[in-house]
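Notes follow once the structure below has been shown.
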Amino acid sequence: MGLTWDQVDLDGEELTISHQLTRVHGKLLHRERTKTEDSTASLPLLGLCVSALRDRQKIQQKARDEAGDRWQETGLVFTTRWGTAVEPRNFNRSFAMHCRNADVPRIRVHDTRHTCASLLAALDVHPRVAMRILRHSQISVTMDVYTQVPSPETRKALDRLNSSFDSD
């Protein structure tokens, strides 16, 4: 939620995470630091992510135009319709609503990191690469805490998912 546009390089297809949005004493703060030094590094973006961020730019520009003088420029990628930071609680509620609408099991937003780690393992991504993607400073965190070994059924499902992208 703390990602700013100056950290996004759509042409180079990468982003740098060096800010975080945190609540301190009831106040939402945009801080120029992350949990660990390994958390602050560039991350390559998939084409799907680049497309989604380009769409986000258009949506945000429309909101900026509609808000007019009420727009508050924060530089954030994800904002309210007024340009301000999205409240984490509101984001969590929205995420839960999208899970319901998609008819998928409800999970916490943070659990998507576990899902990502398990998908990377199912796709036979080297654990060190998965560690870098997830921004962990220790391989044991990636492998012992975040990653579940996929079952043969998971592999079949991922193969079907991959095939569905190939047909588009």
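Residue numbering restarts at 1 for every chain of the structure tokens, chains are lettered A, B, ... in their displayed order, and ligands are numbered from 1 as they appear.
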
- Nearby residues (only C-alpha atoms) at most 9 Å from A:Leu45, same-chain spacing under 4 positions excluded, as number ranges by chain: A: 10, 12-15, 49-50

Applying 12 Å and only C-alpha atoms, which residues near A:Val141 remain after dropping the ones on its own chain fewer than 2 positions away? List them as a PDB file with N, CA and C atoms, in the first residue's frame.
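result.pdb was written with the following content:
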```pdb
ATOM      1  N   ARG A 113       0.846 -14.165   0.290  1.00  0.00           N
ATOM      2  CA  ARG A 113       2.293 -14.423   0.227  1.00  0.00           C
ATOM      3  C   ARG A 113       2.564 -15.924   0.351  1.00  0.00           C
ATOM      4  N   HIS A 114       1.815 -16.599   1.233  1.00  0.00           N
ATOM      5  CA  HIS A 114       1.968 -18.044   1.378  1.00  0.00           C
ATOM      6  C   HIS A 114       1.543 -18.740   0.082  1.00  0.00           C
ATOM      7  N   ALA A 117       4.276 -18.309  -2.470  1.00  0.00           N
ATOM      8  CA  ALA A 117       5.413 -19.202  -2.179  1.00  0.00           C
ATOM      9  C   ALA A 117       5.108 -20.629  -2.591  1.00  0.00           C
ATOM     10  N   PRO A 127      14.395 -22.410  -4.692  1.00  0.00           N
ATOM     11  CA  PRO A 127      14.071 -21.747  -3.414  1.00  0.00           C
ATOM     12  C   PRO A 127      14.761 -20.399  -3.215  1.00  0.00           C
ATOM     13  N   ARG A 128      15.991 -20.243  -3.698  1.00  0.00           N
ATOM     14  CA  ARG A 128      16.682 -18.948  -3.558  1.00  0.00           C
ATOM     15  C   ARG A 128      15.984 -17.862  -4.381  1.00  0.00           C
ATOM     16  N   ALA A 130      12.722 -17.916  -5.131  1.00  0.00           N
ATOM     17  CA  ALA A 130      11.485 -17.653  -4.386  1.00  0.00           C
ATOM     18  C   ALA A 130      11.769 -16.748  -3.187  1.00  0.00           C
ATOM     19  N   MET A 131      12.857 -16.988  -2.510  1.00  0.00           N
ATOM     20  CA  MET A 131      13.259 -16.163  -1.375  1.00  0.00           C
ATOM     21  C   MET A 131      13.416 -14.703  -1.799  1.00  0.00           C
ATOM     22  N   ARG A 132      14.032 -14.478  -2.954  1.00  0.00           N
ATOM     23  CA  ARG A 132      14.231 -13.112  -3.448  1.00  0.00           C
ATOM     24  C   ARG A 132      12.903 -12.456  -3.820  1.00  0.00           C
ATOM     25  N   LEU A 134       9.965 -13.115  -2.617  1.00  0.00           N
ATOM     26  CA  LEU A 134       9.202 -12.863  -1.392  1.00  0.00           C
ATOM     27  C   LEU A 134       9.889 -11.883  -0.444  1.00  0.00           C
ATOM     28  N   ARG A 135      11.138 -11.523  -0.759  1.00  0.00           N
ATOM     29  CA  ARG A 135      11.904 -10.560   0.037  1.00  0.00           C
ATOM     30  C   ARG A 135      12.211 -11.057   1.447  1.00  0.00           C
ATOM     31  N   HIS A 136      12.515 -12.338   1.546  1.00  0.00           N
ATOM     32  CA  HIS A 136      12.927 -12.883   2.835  1.00  0.00           C
ATOM     33  C   HIS A 136      14.434 -12.788   2.965  1.00  0.00           C
ATOM     34  N   SER A 137      14.906 -12.585   4.192  1.00  0.00           N
ATOM     35  CA  SER A 137      16.345 -12.505   4.408  1.00  0.00           C
ATOM     36  C   SER A 137      16.941 -13.879   4.737  1.00  0.00           C
ATOM     37  N   GLN A 138      16.078 -14.860   5.053  1.00  0.00           N
ATOM     38  CA  GLN A 138      16.561 -16.202   5.380  1.00  0.00           C
ATOM     39  C   GLN A 138      15.771 -17.244   4.594  1.00  0.00           C
ATOM     40  N   ILE A 139      16.468 -18.174   4.000  1.00  0.00           N
ATOM     41  CA  ILE A 139      15.823 -19.223   3.210  1.00  0.00           C
ATOM     42  C   ILE A 139      14.886 -20.066   4.067  1.00  0.00           C
ATOM     43  N   MET A 143      11.119 -21.413   3.106  1.00  0.00           N
ATOM     44  CA  MET A 143      10.817 -22.829   2.962  1.00  0.00           C
ATOM     45  C   MET A 143      10.005 -23.406   4.113  1.00  0.00           C
ATOM     46  N   ASP A 144      10.284 -22.986   5.336  1.00  0.00           N
ATOM     47  CA  ASP A 144       9.625 -23.598   6.495  1.00  0.00           C
ATOM     48  C   ASP A 144       8.313 -22.917   6.878  1.00  0.00           C
ATOM     49  N   VAL A 145       8.229 -21.631   6.674  1.00  0.00           N
ATOM     50  CA  VAL A 145       7.047 -20.891   7.110  1.00  0.00           C
ATOM     51  C   VAL A 145       6.069 -20.658   5.965  1.00  0.00           C
ATOM     52  N   TYR A 146       6.576 -20.298   4.790  1.00  0.00           N
ATOM     53  CA  TYR A 146       5.707 -19.848   3.710  1.00  0.00           C
ATOM     54  C   TYR A 146       5.331 -20.900   2.681  1.00  0.00           C
ATOM     55  N   THR A 147       6.159 -21.915   2.503  1.00  0.00           N
ATOM     56  CA  THR A 147       5.975 -22.828   1.380  1.00  0.00           C
ATOM     57  C   THR A 147       5.386 -24.156   1.816  1.00  0.00           C
ATOM     58  N   GLN A 148       4.359 -24.587   1.080  1.00  0.00           N
ATOM     59  CA  GLN A 148       3.812 -25.929   1.250  1.00  0.00           C
ATOM     60  C   GLN A 148       4.183 -26.723   0.005  1.00  0.00           C
TER      61      GLN A 148
END
```

- Query: If you run DSSP on this backbone, which residues of chain A come out as strand (DSSP E or B), and could you give them as an MDAnalysis selection string?
  - Reply: chainID A and resid 4 8:9 14:16 20:24 27:31 42:44 76 79 85

Could you dump the residues just selected with C-alpha atoms as a compact mmCIF listing (two decimals), in the first residue's frame?
```
# COMPACT_ATOMS: atom_id res chain seq x y z
CA THR A 4 4.74 5.16 -5.09
CA VAL A 8 7.61 1.82 -10.66
CA ASP A 9 9.42 1.44 -13.99
CA GLU A 14 10.41 -3.61 -12.50
CA LEU A 15 9.61 -1.87 -9.26
CA THR A 16 11.47 -1.00 -6.11
CA GLN A 20 5.68 1.09 3.74
CA LEU A 21 2.36 2.31 5.02
CA THR A 22 2.00 1.71 8.76
CA ARG A 23 -0.31 2.75 11.54
CA VAL A 24 1.44 4.30 14.54
CA LYS A 27 -2.16 7.56 12.60
CA LEU A 28 -1.44 6.26 9.10
CA LEU A 29 2.18 7.01 8.16
CA HIS A 30 4.04 6.59 4.88
CA ARG A 31 7.57 5.64 5.90
CA SER A 42 14.14 -4.04 -7.36
CA LEU A 43 11.64 -6.70 -8.32
CA PRO A 44 10.95 -7.73 -11.93
CA LEU A 76 0.93 6.62 -4.17
CA THR A 79 -5.24 5.68 -3.46
CA ALA A 85 -3.71 6.57 1.16
```

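Our summary of the geometry notes that atom CA of A:Ala63 is positioned 8.5 Å from atom CA of A:Thr80.
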
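Computed from the coordinates, the atom CA of A:Ser140 to atom CA of A:Leu158 distance equals 24.7 Å.
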
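Among the candidates A:Ala122, A:Val77, A:Ser18, A:Gly68, the one nearest to A:Ala52 when counting only C-alpha atoms is A:Val77.
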
- note - atom CA of A:Leu53 and atom CA of A:Gly83 are separated by 16.0 Å
